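Quick look at work-v9.pdb (PDB, C-alpha atoms (C1' of nucleotides)):
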ATOM      1  CA  MET A   2     -64.835 -30.825  -9.443
ATOM      2  CA  LYS A   3     -62.626 -33.202  -7.565
ATOM      3  CA  LEU A   4     -59.705 -31.245  -8.980
ATOM      4  CA  TYR A   5     -60.985 -27.889  -7.768
ATOM      5  CA  ALA A   6     -61.759 -29.280  -4.333
ATOM      6  CA  SER A   7     -58.249 -30.630  -3.911
ATOM      7  CA  LEU A   8     -56.795 -27.355  -5.125
ATOM      8  CA  ILE A   9     -58.814 -25.427  -2.580
ATOM      9  CA  ASN A  10     -57.722 -27.838   0.100
ATOM     10  CA  VAL A  11     -54.108 -27.165  -0.748
ATOM     11  CA  ILE A  12     -54.498 -23.408  -0.812
ATOM     12  CA  MET A  13     -56.790 -22.933   2.138
ATOM     13  CA  GLU A  14     -55.321 -25.509   4.465
ATOM     14  CA  TYR A  15     -55.321 -24.793   8.174
ATOM     15  CA  LYS A  16     -51.971 -24.165   9.771
ATOM     16  CA  ILE A  17     -51.450 -24.288  13.499
ATOM     17  CA  LYS A  18     -48.648 -21.955  14.458
ATOM     18  CA  SER A  19     -46.958 -21.358  17.770
ATOM     19  CA  ARG A  20     -44.422 -19.353  19.641
ATOM     20  CA  ILE A  21     -42.659 -20.703  22.694
ATOM     21  CA  TRP A  22     -40.568 -18.992  25.308
ATOM     22  CA  ILE A  23     -38.814 -19.887  28.527
ATOM     23  CA  GLU A  24     -39.611 -18.141  31.776
ATOM     24  CA  VAL A  25     -37.614 -18.234  34.999
ATOM     25  CA  GLY A  26     -39.719 -17.125  37.914
ATOM     26  CA  ASP A  27     -41.714 -14.232  36.497
ATOM     27  CA  ASN A  28     -39.125 -13.144  33.946
ATOM     28  CA  VAL A  29     -38.832 -14.124  30.319
ATOM     29  CA  LEU A  30     -35.452 -15.749  29.794
ATOM     30  CA  LEU A  31     -35.544 -16.745  26.160
ATOM     31  CA  GLY A  32     -37.826 -16.347  23.189
ATOM     32  CA  ASP A  33     -37.453 -16.560  19.473
ATOM     33  CA  GLY A  34     -36.152 -13.010  19.031
ATOM     34  CA  ARG A  35     -33.601 -13.401  21.794
ATOM     35  CA  VAL A  36     -32.384 -16.675  20.311
ATOM     36  CA  GLN A  37     -31.902 -15.032  16.928
ATOM     37  CA  LEU A  38     -30.012 -12.222  18.609
ATOM     38  CA  LEU A  39     -27.776 -14.620  20.540
ATOM     39  CA  LYS A  40     -26.949 -16.469  17.348
ATOM     40  CA  ALA A  41     -26.087 -13.185  15.660
ATOM     41  CA  ILE A  42     -23.826 -12.339  18.593
ATOM     42  CA  ILE A  43     -22.050 -15.667  18.171
ATOM     43  CA  GLU A  44     -21.528 -14.901  14.491
ATOM     44  CA  THR A  45     -20.409 -11.303  14.853
ATOM     45  CA  GLY A  46     -18.753 -11.179  18.255
ATOM     46  CA  SER A  47     -20.412  -7.930  19.259
ATOM     47  CA  LEU A  48     -23.819  -6.700  20.262
ATOM     48  CA  SER A  49     -23.818  -3.703  17.947
ATOM     49  CA  LYS A  50     -22.835  -5.764  14.918
ATOM     50  CA  ALA A  51     -25.415  -8.385  15.814
ATOM     51  CA  ALA A  52     -28.106  -5.728  16.061
ATOM     52  CA  LYS A  53     -27.059  -4.260  12.726
ATOM     53  CA  SER A  54     -27.117  -7.674  11.044
ATOM     54  CA  LEU A  55     -30.692  -8.171  12.249
ATOM     55  CA  GLU A  56     -31.674  -4.608  11.297
ATOM     56  CA  MET A  57     -32.520  -4.019  14.932
ATOM     57  CA  SER A  58     -31.688  -0.904  16.908
ATOM     58  CA  TYR A  59     -28.784  -1.265  19.291
ATOM     59  CA  LYS A  60     -30.993  -0.051  22.089
ATOM     60  CA  LYS A  61     -33.527  -2.804  21.572
ATOM     61  CA  ALA A  62     -30.800  -5.416  21.297
ATOM     62  CA  TRP A  63     -29.172  -4.179  24.451
ATOM     63  CA  LYS A  64     -32.457  -4.257  26.345
ATOM     64  CA  LEU A  65     -33.095  -7.828  25.226
ATOM     65  CA  ILE A  66     -29.671  -9.028  26.295
ATOM     66  CA  ASP A  67     -29.953  -7.094  29.531
ATOM     67  CA  ALA A  68     -33.218  -8.873  30.266
ATOM     68  CA  VAL A  69     -31.637 -12.230  29.463
ATOM     69  CA  ASN A  70     -28.726 -11.559  31.769
ATOM     70  CA  LYS A  71     -30.962 -10.359  34.579
ATOM     71  CA  SER A  72     -33.289 -13.354  34.461
ATOM     72  CA  ALA A  73     -30.554 -15.971  34.100
ATOM     73  CA  GLU A  74     -28.635 -17.072  37.172
ATOM     74  CA  THR A  75     -25.964 -18.740  35.105
ATOM     75  CA  PRO A  76     -24.398 -16.200  32.702
ATOM     76  CA  VAL A  77     -25.633 -16.436  29.121
ATOM     77  CA  VAL A  78     -23.681 -13.674  27.413
ATOM     78  CA  SER A  79     -20.683 -11.832  28.830
ATOM     79  CA  MET A  80     -19.948  -8.298  27.694
ATOM     80  CA  SER A  81     -16.633  -6.477  27.816
ATOM     81  CA  ILE A  82     -16.042  -2.765  27.343
ATOM     82  CA  GLY A  83     -12.915  -1.244  25.850
ATOM     83  CA  GLY A  84      -9.835  -3.065  24.721
ATOM     84  CA  LYS A  85      -8.360  -4.032  21.399
ATOM     85  CA  ASN A  86     -11.577  -3.963  19.402
ATOM     86  CA  GLY A  87     -13.513  -1.708  21.688
ATOM     87  CA  GLY A  88     -15.044  -4.599  23.526
ATOM     88  CA  GLY A  89     -17.502  -7.249  22.521
ATOM     89  CA  ALA A  90     -20.046  -9.809  23.555
ATOM     90  CA  ILE A  91     -19.571 -13.531  23.943
ATOM     91  CA  VAL A  92     -22.255 -16.169  24.363
ATOM     92  CA  THR A  93     -21.256 -18.627  27.058
ATOM     93  CA  ASP A  94     -21.329 -22.407  26.680
ATOM     94  CA  TYR A  95     -24.413 -22.420  28.854
ATOM     95  CA  GLY A  96     -26.034 -19.943  26.507
ATOM     96  CA  LYS A  97     -25.214 -22.132  23.531
ATOM     97  CA  GLU A  98     -26.733 -25.139  25.280
ATOM     98  CA  LEU A  99     -29.863 -23.085  25.903
ATOM     99  CA  ILE A 100     -30.071 -22.120  22.244
ATOM    100  CA  THR A 101     -29.868 -25.678  20.953
ATOM    101  CA  ALA A 102     -32.323 -26.935  23.566
ATOM    102  CA  PHE A 103     -34.740 -24.142  22.717
ATOM    103  CA  GLU A 104     -34.566 -24.798  19.007
ATOM    104  CA  THR A 105     -35.080 -28.548  19.251
ATOM    105  CA  ILE A 106     -38.022 -28.101  21.601
ATOM    106  CA  ASN A 107     -39.458 -25.513  19.229
ATOM    107  CA  LYS A 108     -39.124 -27.815  16.234
ATOM    108  CA  ASN A 109     -40.682 -30.704  18.123
ATOM    109  CA  CYS A 110     -43.536 -28.432  19.174
ATOM    110  CA  TRP A 111     -44.168 -27.544  15.546
ATOM    111  CA  LYS A 112     -44.080 -31.213  14.577
ATOM    112  CA  PHE A 113     -46.576 -32.032  17.293
ATOM    113  CA  LEU A 114     -48.912 -29.270  16.198
ATOM    114  CA  ASP A 115     -48.720 -30.459  12.601
ATOM    115  CA  THR A 116     -49.991 -33.855  13.742
ATOM    116  CA  GLN A 117     -52.942 -32.109  15.389
ATOM    117  CA  THR A 118     -54.141 -30.286  12.309
ATOM    118  CA  ASN A 119     -56.480 -33.094  11.332
ATOM    119  CA  THR A 120     -58.327 -32.755  14.658
ATOM    120  CA  LEU A 121     -59.695 -29.405  13.507
ATOM    121  CA  PRO A 122     -63.250 -29.407  12.158
ATOM    122  CA  LYS A 123     -63.485 -29.506   8.387
ATOM    123  CA  SER A 124     -64.712 -26.314   6.773
ATOM    124  CA  ASN A 125     -67.411 -27.047   4.214
ATOM    125  CA  ILE A 126     -66.899 -24.694   1.313
TER     126      ILE A 126
ATOM    127  CA  MET B  30     -27.342 -26.814  52.209
ATOM    128  CA  LYS B  31     -29.233 -29.572  50.509
ATOM    129  CA  LEU B  32     -32.389 -27.887  51.803
ATOM    130  CA  TYR B  33     -31.536 -24.511  50.312
ATOM    131  CA  ALA B  34     -30.627 -26.032  46.963
ATOM    132  CA  SER B  35     -33.951 -27.807  46.688
ATOM    133  CA  LEU B  36     -35.793 -24.655  47.679
ATOM    134  CA  ILE B  37     -34.034 -22.689  44.961
ATOM    135  CA  ASN B  38     -34.845 -25.396  42.459
ATOM    136  CA  VAL B  39     -38.518 -25.131  43.307
ATOM    137  CA  ILE B  40     -38.610 -21.361  43.126
ATOM    138  CA  MET B  41     -36.450 -20.804  40.083
ATOM    139  CA  GLU B  42     -37.701 -23.651  37.942
ATOM    140  CA  TYR B  43     -37.820 -23.174  34.204
ATOM    141  CA  LYS B  44     -41.225 -22.932  32.599
ATOM    142  CA  ILE B  45     -41.716 -23.360  28.881
ATOM    143  CA  LYS B  46     -44.712 -21.344  27.787
ATOM    144  CA  SER B  47     -46.434 -21.108  24.447
ATOM    145  CA  ARG B  48     -49.126 -19.447  22.440
ATOM    146  CA  ILE B  49     -50.759 -21.132  19.503
ATOM    147  CA  TRP B  50     -52.985 -19.795  16.756
ATOM    148  CA  ILE B  51     -54.625 -21.040  13.603
ATOM    149  CA  GLU B  52     -53.969 -19.464  10.236
ATOM    150  CA  VAL B  53     -55.901 -19.949   7.023
ATOM    151  CA  GLY B  54     -53.860 -18.854   4.063
ATOM    152  CA  ASP B  55     -52.146 -15.706   5.287
ATOM    153  CA  ASN B  56     -54.871 -14.690   7.724
ATOM    154  CA  VAL B  57     -55.107 -15.431  11.413
ATOM    155  CA  LEU B  58     -58.319 -17.307  12.047
ATOM    156  CA  LEU B  59     -58.176 -18.032  15.743
ATOM    157  CA  GLY B  60     -55.969 -17.207  18.679
ATOM    158  CA  ASP B  61     -56.356 -17.172  22.401
ATOM    159  CA  GLY B  62     -57.988 -13.741  22.569
ATOM    160  CA  ARG B  63     -60.472 -14.574  19.836
ATOM    161  CA  VAL B  64     -61.405 -17.824  21.555
ATOM    162  CA  GLN B  65     -62.058 -15.979  24.811
ATOM    163  CA  LEU B  66     -64.188 -13.493  22.913
ATOM    164  CA  LEU B  67     -66.171 -16.225  21.157
ATOM    165  CA  LYS B  68     -66.853 -17.906  24.483
ATOM    166  CA  ALA B  69     -68.033 -14.596  25.924
ATOM    167  CA  ILE B  70     -70.348 -14.197  22.924
ATOM    168  CA  ILE B  71     -71.800 -17.637  23.601
ATOM    169  CA  GLU B  72     -72.426 -16.661  27.208
ATOM    170  CA  THR B  73     -73.882 -13.214  26.574
ATOM    171  CA  GLY B  74     -75.499 -13.510  23.157
ATOM    172  CA  SER B  75     -74.152 -10.185  21.913
ATOM    173  CA  LEU B  76     -70.869  -8.716  20.828
ATOM    174  CA  SER B  77     -71.180  -5.568  22.903
ATOM    175  CA  LYS B  78     -71.977  -7.470  26.084
ATOM    176  CA  ALA B  79     -69.163  -9.908  25.389
ATOM    177  CA  ALA B  80     -66.735  -7.024  24.942
ATOM    178  CA  LYS B  81     -67.946  -5.425  28.160
ATOM    179  CA  SER B  82     -67.585  -8.682  30.097
ATOM    180  CA  LEU B  83     -63.972  -8.914  28.965
ATOM    181  CA  GLU B  84     -63.359  -5.214  29.651
ATOM    182  CA  MET B  85     -62.528  -4.813  25.980
ATOM    183  CA  SER B  86     -63.670  -1.947  23.785
ATOM    184  CA  TYR B  87     -66.492  -2.758  21.394
ATOM    185  CA  LYS B  88     -64.354  -1.522  18.554
ATOM    186  CA  LYS B  89     -61.557  -3.974  19.284
ATOM    187  CA  ALA B  90     -64.017  -6.825  19.730
ATOM    188  CA  TRP B  91     -65.726  -5.994  16.457
ATOM    189  CA  LYS B  92     -62.403  -5.886  14.623
ATOM    190  CA  LEU B  93     -61.453  -9.298  16.003
ATOM    191  CA  ILE B  94     -64.729 -10.899  15.007
ATOM    192  CA  ASP B  95     -64.607  -9.201  11.630
ATOM    193  CA  ALA B  96     -61.175 -10.708  11.055
ATOM    194  CA  VAL B  97     -62.450 -14.132  12.097
ATOM    195  CA  ASN B  98     -65.389 -13.927   9.727
ATOM    196  CA  LYS B  99     -63.255 -12.725   6.849
ATOM    197  CA  SER B 100     -60.660 -15.478   7.198
ATOM    198  CA  ALA B 101     -63.144 -18.303   7.753
ATOM    199  CA  GLU B 102     -64.931 -19.803   4.758
ATOM    200  CA  THR B 103     -67.473 -21.537   6.944
ATOM    201  CA  PRO B 104     -69.279 -18.968   9.150
ATOM    202  CA  VAL B 105     -68.055 -18.845  12.743
ATOM    203  CA  VAL B 106     -70.268 -16.164  14.218
ATOM    204  CA  SER B 107     -73.424 -14.726  12.670
ATOM    205  CA  MET B 108     -74.536 -11.229  13.550
ATOM    206  CA  SER B 109     -77.987  -9.709  13.275
ATOM    207  CA  ILE B 110     -78.992  -6.045  13.475
ATOM    208  CA  GLY B 111     -82.264  -4.773  14.863
ATOM    209  CA  GLY B 112     -85.140  -6.835  16.127
ATOM    210  CA  LYS B 113     -86.489  -7.713  19.542
ATOM    211  CA  ASN B 114     -83.350  -7.080  21.514
ATOM    212  CA  GLY B 115     -81.636  -4.865  18.990
ATOM    213  CA  GLY B 116     -79.829  -7.746  17.420
ATOM    214  CA  GLY B 117     -77.118 -10.039  18.608
ATOM    215  CA  ALA B 118     -74.301 -12.396  17.794
ATOM    216  CA  ILE B 119     -74.411 -16.172  17.671
ATOM    217  CA  VAL B 120     -71.487 -18.563  17.462
ATOM    218  CA  THR B 121     -72.242 -21.286  14.945
ATOM    219  CA  ASP B 122     -71.831 -24.986  15.614
ATOM    220  CA  TYR B 123     -68.752 -24.900  13.439
ATOM    221  CA  GLY B 124     -67.383 -22.110  15.607
ATOM    222  CA  LYS B 125     -68.014 -24.155  18.733
ATOM    223  CA  GLU B 126     -66.212 -27.114  17.233
ATOM    224  CA  LEU B 127     -63.296 -24.834  16.448
ATOM    225  CA  ILE B 128     -63.190 -23.600  20.028
ATOM    226  CA  THR B 129     -63.079 -27.052  21.590
ATOM    227  CA  ALA B 130     -60.512 -28.268  19.061
ATOM    228  CA  PHE B 131     -58.366 -25.220  19.711
ATOM    229  CA  GLU B 132     -58.506 -25.628  23.453
ATOM    230  CA  THR B 133     -57.658 -29.326  23.493
ATOM    231  CA  ILE B 134     -54.758 -28.786  21.105
ATOM    232  CA  ASN B 135     -53.557 -25.947  23.288
ATOM    233  CA  LYS B 136     -53.708 -28.034  26.445
ATOM    234  CA  ASN B 137     -51.912 -30.916  24.765
ATOM    235  CA  CYS B 138     -49.256 -28.514  23.553
ATOM    236  CA  TRP B 139     -48.705 -27.322  27.108
ATOM    237  CA  LYS B 140     -48.485 -30.900  28.339
ATOM    238  CA  PHE B 141     -45.935 -31.709  25.670
ATOM    239  CA  LEU B 142     -43.836 -28.699  26.556
ATOM    240  CA  ASP B 143     -43.930 -29.658  30.227
ATOM    241  CA  THR B 144     -42.367 -33.001  29.327
ATOM    242  CA  GLN B 145     -39.563 -31.145  27.544
ATOM    243  CA  THR B 146     -38.540 -28.997  30.484
ATOM    244  CA  ASN B 147     -35.962 -31.519  31.634
ATOM    245  CA  THR B 148     -34.135 -31.261  28.304
ATOM    246  CA  LEU B 149     -33.055 -27.727  29.197
ATOM    247  CA  PRO B 150     -29.506 -27.333  30.506
ATOM    248  CA  LYS B 151     -29.243 -27.137  34.271
ATOM    249  CA  SER B 152     -28.279 -23.750  35.617
ATOM    250  CA  ASN B 153     -25.499 -24.040  38.173
ATOM    251  CA  ILE B 154     -26.165 -21.519  40.904
TER     252      ILE B 154
ATOM    253  C1'  DT C   8      -1.245   9.366  25.735
ATOM    254  C1'  DT C   9      -3.874   9.060  21.692
ATOM    255  C1'  DT C  10      -6.813   6.326  18.936
ATOM    256  C1'  DC C  11     -10.511   3.231  18.140
ATOM    257  C1'  DG C  12     -14.787   0.623  18.337
ATOM    258  C1'  DC C  13     -17.480  -1.066  21.476
ATOM    259  C1'  DT C  14     -20.822  -0.898  25.707
ATOM    260  C1'  DA C  15     -24.012   1.907  28.266
ATOM    261  C1'  DT C  16     -27.508   5.408  28.941
ATOM    262  C1'  DA C  17     -30.268   9.733  28.561
ATOM    263  C1'  DT C  18     -33.135  12.621  25.730
ATOM    264  C1'  DT C  19     -35.917  13.734  22.099
ATOM    265  C1'  DT C  20     -38.794  12.655  18.230
ATOM    266  C1'  DG C  21     -42.137  10.074  15.696
ATOM    267  C1'  DC C  22     -45.598   6.759  14.914
ATOM    268  C1'  DT C  23     -49.243   3.720  15.524
ATOM    269  C1'  DA C  24     -52.534   0.845  17.926
ATOM    270  C1'  DG C  25     -56.182   1.631  20.796
ATOM    271  C1'  DG C  26     -59.718   4.218  23.564
ATOM    272  C1'  DG C  27     -63.362   7.640  23.603
ATOM    273  C1'  DT C  28     -67.103   9.665  21.468
ATOM    274  C1'  DA C  29     -70.703  10.266  18.246
ATOM    275  C1'  DT C  30     -73.942   8.664  15.106
ATOM    276  C1'  DA C  31     -76.318   6.076  11.546
ATOM    277  C1'  DA C  32     -78.885   1.861  10.367
ATOM    278  C1'  DC C  33     -81.675  -1.779  11.602
ATOM    279  C1'  DG C  34     -85.973  -4.510  12.692
ATOM    280  C1'  DA C  35     -89.114  -6.852  16.005
ATOM    281  C1'  DA C  36     -92.520  -5.734  19.312
ATOM    282  C1'  DA C  37     -95.529  -2.815  21.871
TER     283       DA C  37
ATOM    284  C1'  DT D   7     -95.009   4.547  14.328
ATOM    285  C1'  DT D   8     -92.351   4.852  18.346
ATOM    286  C1'  DT D   9     -89.170   2.607  21.258
ATOM    287  C1'  DC D  10     -85.060   0.104  22.182
ATOM    288  C1'  DG D  11     -80.600  -2.226  22.222
ATOM    289  C1'  DT D  12     -77.724  -3.833  19.089
ATOM    290  C1'  DT D  13     -74.436  -3.791  14.947
ATOM    291  C1'  DA D  14     -71.501  -0.892  12.132
ATOM    292  C1'  DT D  15     -68.444   2.927  11.150
ATOM    293  C1'  DA D  16     -66.180   7.406  11.154
ATOM    294  C1'  DC D  17     -63.473  10.827  13.646
ATOM    295  C1'  DC D  18     -60.380  12.676  17.033
ATOM    296  C1'  DC D  19     -57.052  12.154  20.510
ATOM    297  C1'  DT D  20     -53.859  10.285  23.563
ATOM    298  C1'  DA D  21     -50.512   7.075  25.772
ATOM    299  C1'  DG D  22     -46.986   4.224  25.156
ATOM    300  C1'  DC D  23     -43.622   2.073  22.535
ATOM    301  C1'  DA D  24     -39.827   2.313  19.161
ATOM    302  C1'  DA D  25     -36.602   4.700  16.470
ATOM    303  C1'  DA D  26     -33.191   8.317  16.157
ATOM    304  C1'  DT D  27     -29.806  11.042  18.155
ATOM    305  C1'  DA D  28     -26.284  12.307  21.284
ATOM    306  C1'  DT D  29     -22.783  11.396  24.425
ATOM    307  C1'  DA D  30     -20.140   9.407  28.154
ATOM    308  C1'  DG D  31     -17.024   5.698  29.592
ATOM    309  C1'  DC D  32     -13.931   2.069  28.842
ATOM    310  C1'  DG D  33      -9.323  -0.287  28.008
ATOM    311  C1'  DA D  34      -5.909  -2.629  24.903
ATOM    312  C1'  DA D  35      -2.545  -1.476  21.569
ATOM    313  C1'  DA D  36       0.168   1.484  18.809
TER     314       DA D  36
END
Written form, structure tokens:
Amino acid sequence: MKLYASLINVIMEYKIKSRIWIEVGDNVLLGDGRVQLLKAIIETGSLSKAAKSLEMSYKKAWKLIDAVNKSAETPVVSMSIGGKNGGGAIVTDYGKELITAFETINKNCWKFLDTQTNTLPKSNI
Amino acid sequence: MKLYASLINVIMEYKIKSRIWIEVGDNVLLGDGRVQLLKAIIETGSLSKAAKSLEMSYKKAWKLIDAVNKSAETPVVSMSIGGKNGGGAIVTDYGKELITAFETINKNCWKFLDTQTNTLPKSNI
DNA sequence: TTTCGCTATATTTGCTAGGGTATAACGAAA
DNA sequence: TTTCGTTATACCCTAGCAAATATAGCGAAA
């Protein structure tokens, strides 16, 4: 009995989840998807390759980065067309700082929420 | 010059936003929309009136509540068909406890995120 | 000046979540 | 037993978003 109860508690535990994002004015600057995309750009050096690596359409990736660039005053990713390798995309130092700040805040938010789980009412099965 | 800079800082300030939700197993138990709907049910006493008050279709409201009831072991809202007023929906005490817990956690999450705003890199306009 | 791979953008196609509508089932009270 | 307002559910249909496709433009290097 005690065994079953503890098993159920393990399986059916509550989990508080969250998503955070950064807004500037009325525009979304950064969210989880955009951060993943920026990191893929850092790894691949181009927007199209980054999109492909995330199995995302180039169009969607471009729209996301366009929105980031439009809502950020300080440049986050700089694009270049033509040239040796056809062009490419580079995440600026400021963009990299944003990424690390975002990810640490996100992790800390998750940690905080985990501490709040025990404030939820117990379900009596 | 100093004046303009401070004005820009006020207008263009970063804002870290978030949404939280509670999962049980793999199912979503509660999110912001469901909490609003539950509160509307408490106020109106019926699912259809609650949906109307939130300008939400009855179908959508029913689906949300159905999902809540299916993912919760302890009943959250009990429905009755027929009778004096055709039936109705009642949020259980357990459901009310869930609502208040959810809302305080949410507020505390927002407060926490507000304290983290200054860890974001400064944009140099 | 030709090639190449990338950015940038328009157009079409396809899909799915959601609204609208209709209708059945229900049960207390008049 | 009729009325009434609700829950519950099926069906069609549409708008809006996303994917797919096509194509133009670019510039360094060979």
Identify every residue of chain A that has at least one atom within 12 Å of any atom of chain C, counting only C-alpha atoms (C1' of nucleotides), and report the result as a PDB file with C-alpha atoms, keeping the file's coordinate frame.
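Contents of iface38.pdb, freshly written:
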ATOM      1  CA  GLY A  46     -18.753 -11.179  18.255  1.00  0.00           C
ATOM      2  CA  SER A  47     -20.412  -7.930  19.259  1.00  0.00           C
ATOM      3  CA  LEU A  48     -23.819  -6.700  20.262  1.00  0.00           C
ATOM      4  CA  SER A  49     -23.818  -3.703  17.947  1.00  0.00           C
ATOM      5  CA  LYS A  50     -22.835  -5.764  14.918  1.00  0.00           C
ATOM      6  CA  TYR A  59     -28.784  -1.265  19.291  1.00  0.00           C
ATOM      7  CA  LYS A  60     -30.993  -0.051  22.089  1.00  0.00           C
ATOM      8  CA  ALA A  62     -30.800  -5.416  21.297  1.00  0.00           C
ATOM      9  CA  TRP A  63     -29.172  -4.179  24.451  1.00  0.00           C
ATOM     10  CA  LYS A  64     -32.457  -4.257  26.345  1.00  0.00           C
ATOM     11  CA  ASP A  67     -29.953  -7.094  29.531  1.00  0.00           C
ATOM     12  CA  SER A  79     -20.683 -11.832  28.830  1.00  0.00           C
ATOM     13  CA  MET A  80     -19.948  -8.298  27.694  1.00  0.00           C
ATOM     14  CA  SER A  81     -16.633  -6.477  27.816  1.00  0.00           C
ATOM     15  CA  ILE A  82     -16.042  -2.765  27.343  1.00  0.00           C
ATOM     16  CA  GLY A  83     -12.915  -1.244  25.850  1.00  0.00           C
ATOM     17  CA  GLY A  84      -9.835  -3.065  24.721  1.00  0.00           C
ATOM     18  CA  LYS A  85      -8.360  -4.032  21.399  1.00  0.00           C
ATOM     19  CA  ASN A  86     -11.577  -3.963  19.402  1.00  0.00           C
ATOM     20  CA  GLY A  87     -13.513  -1.708  21.688  1.00  0.00           C
ATOM     21  CA  GLY A  88     -15.044  -4.599  23.526  1.00  0.00           C
ATOM     22  CA  GLY A  89     -17.502  -7.249  22.521  1.00  0.00           C
ATOM     23  CA  ALA A  90     -20.046  -9.809  23.555  1.00  0.00           C
TER      24      ALA A  90
END
Atom pair atom CA of Val69 of chain A / atom CA of Ile91 of chain A: separation (Å):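 Spanning atom CA of Val69 of chain A to atom CA of Ile91 of chain A is a straight-line distance of 13.3 Å.
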So which one's closest to chain A, B:Asn56, B:Thr146, B:Thr103, B:Thr73? Using only C-alpha atoms, please.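 Using only C-alpha atoms, the shortest distance to chain A belongs to B:Thr103.
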On this structure, which residues satisfy the PyMOL selection byres ((chain A) within 10 of (chain B)), written as an NGL selection string? :A and (11-27 or 29-32 or 72-76 or 95-103 or 105-107 or 109-111 or 113-114 or 117-126)
Selection from above, C-alpha atoms, as a JSON list (two decimals), in the coordinates of the input, can you write it?
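The file below, part20.json, is the result:
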[["chain", "number", "residue", "atom", "x", "y", "z"],
["A", 11, "VAL", "CA", -54.11, -27.16, -0.75],
["A", 12, "ILE", "CA", -54.50, -23.41, -0.81],
["A", 13, "MET", "CA", -56.79, -22.93, 2.14],
["A", 14, "GLU", "CA", -55.32, -25.51, 4.46],
["A", 15, "TYR", "CA", -55.32, -24.79, 8.17],
["A", 16, "LYS", "CA", -51.97, -24.16, 9.77],
["A", 17, "ILE", "CA", -51.45, -24.29, 13.50],
["A", 18, "LYS", "CA", -48.65, -21.96, 14.46],
["A", 19, "SER", "CA", -46.96, -21.36, 17.77],
["A", 20, "ARG", "CA", -44.42, -19.35, 19.64],
["A", 21, "ILE", "CA", -42.66, -20.70, 22.69],
["A", 22, "TRP", "CA", -40.57, -18.99, 25.31],
["A", 23, "ILE", "CA", -38.81, -19.89, 28.53],
["A", 24, "GLU", "CA", -39.61, -18.14, 31.78],
["A", 25, "VAL", "CA", -37.61, -18.23, 35.00],
["A", 26, "GLY", "CA", -39.72, -17.12, 37.91],
["A", 27, "ASP", "CA", -41.71, -14.23, 36.50],
["A", 29, "VAL", "CA", -38.83, -14.12, 30.32],
["A", 30, "LEU", "CA", -35.45, -15.75, 29.79],
["A", 31, "LEU", "CA", -35.54, -16.74, 26.16],
["A", 32, "GLY", "CA", -37.83, -16.35, 23.19],
["A", 72, "SER", "CA", -33.29, -13.35, 34.46],
["A", 73, "ALA", "CA", -30.55, -15.97, 34.10],
["A", 74, "GLU", "CA", -28.64, -17.07, 37.17],
["A", 75, "THR", "CA", -25.96, -18.74, 35.10],
["A", 76, "PRO", "CA", -24.40, -16.20, 32.70],
["A", 95, "TYR", "CA", -24.41, -22.42, 28.85],
["A", 96, "GLY", "CA", -26.03, -19.94, 26.51],
["A", 97, "LYS", "CA", -25.21, -22.13, 23.53],
["A", 98, "GLU", "CA", -26.73, -25.14, 25.28],
["A", 99, "LEU", "CA", -29.86, -23.08, 25.90],
["A", 100, "ILE", "CA", -30.07, -22.12, 22.24],
["A", 101, "THR", "CA", -29.87, -25.68, 20.95],
["A", 102, "ALA", "CA", -32.32, -26.94, 23.57],
["A", 103, "PHE", "CA", -34.74, -24.14, 22.72],
["A", 105, "THR", "CA", -35.08, -28.55, 19.25],
["A", 106, "ILE", "CA", -38.02, -28.10, 21.60],
["A", 107, "ASN", "CA", -39.46, -25.51, 19.23],
["A", 109, "ASN", "CA", -40.68, -30.70, 18.12],
["A", 110, "CYS", "CA", -43.54, -28.43, 19.17],
["A", 111, "TRP", "CA", -44.17, -27.54, 15.55],
["A", 113, "PHE", "CA", -46.58, -32.03, 17.29],
["A", 114, "LEU", "CA", -48.91, -29.27, 16.20],
["A", 117, "GLN", "CA", -52.94, -32.11, 15.39],
["A", 118, "THR", "CA", -54.14, -30.29, 12.31],
["A", 119, "ASN", "CA", -56.48, -33.09, 11.33],
["A", 120, "THR", "CA", -58.33, -32.76, 14.66],
["A", 121, "LEU", "CA", -59.70, -29.40, 13.51],
["A", 122, "PRO", "CA", -63.25, -29.41, 12.16],
["A", 123, "LYS", "CA", -63.48, -29.51, 8.39],
["A", 124, "SER", "CA", -64.71, -26.31, 6.77],
["A", 125, "ASN", "CA", -67.41, -27.05, 4.21],
["A", 126, "ILE", "CA", -66.90, -24.69, 1.31]]
For the file shown, what are the residues hit by the PyMOL selection byres ((chain D) within 6 of (chain A)), laid out as a list in words?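 Going through the file, the PyMOL selection byres ((chain D) within 6 of (chain A)) ends up selecting DC32, DG33 and DA34 of chain D.
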Report as JSON the centre and the edge lengths, in Å to one decimal, of the axis-aligned box holding every listed atom of segment 16-33 of chain A, padded by 6 Å on each side.
{"center_x": -43.7, "center_y": -18.7, "center_z": 23.8, "size_x": 28.5, "size_y": 23.1, "size_z": 40.1}
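Between atom CA of Lys68 of chain B and atom CA of Lys99 of chain B lies a distance of 18.7 Å.
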What is the distance, in Å and to one decimal place, between atom CA of Ala51 of chain A and atom CA of Arg35 of chain A? 11.3 Å
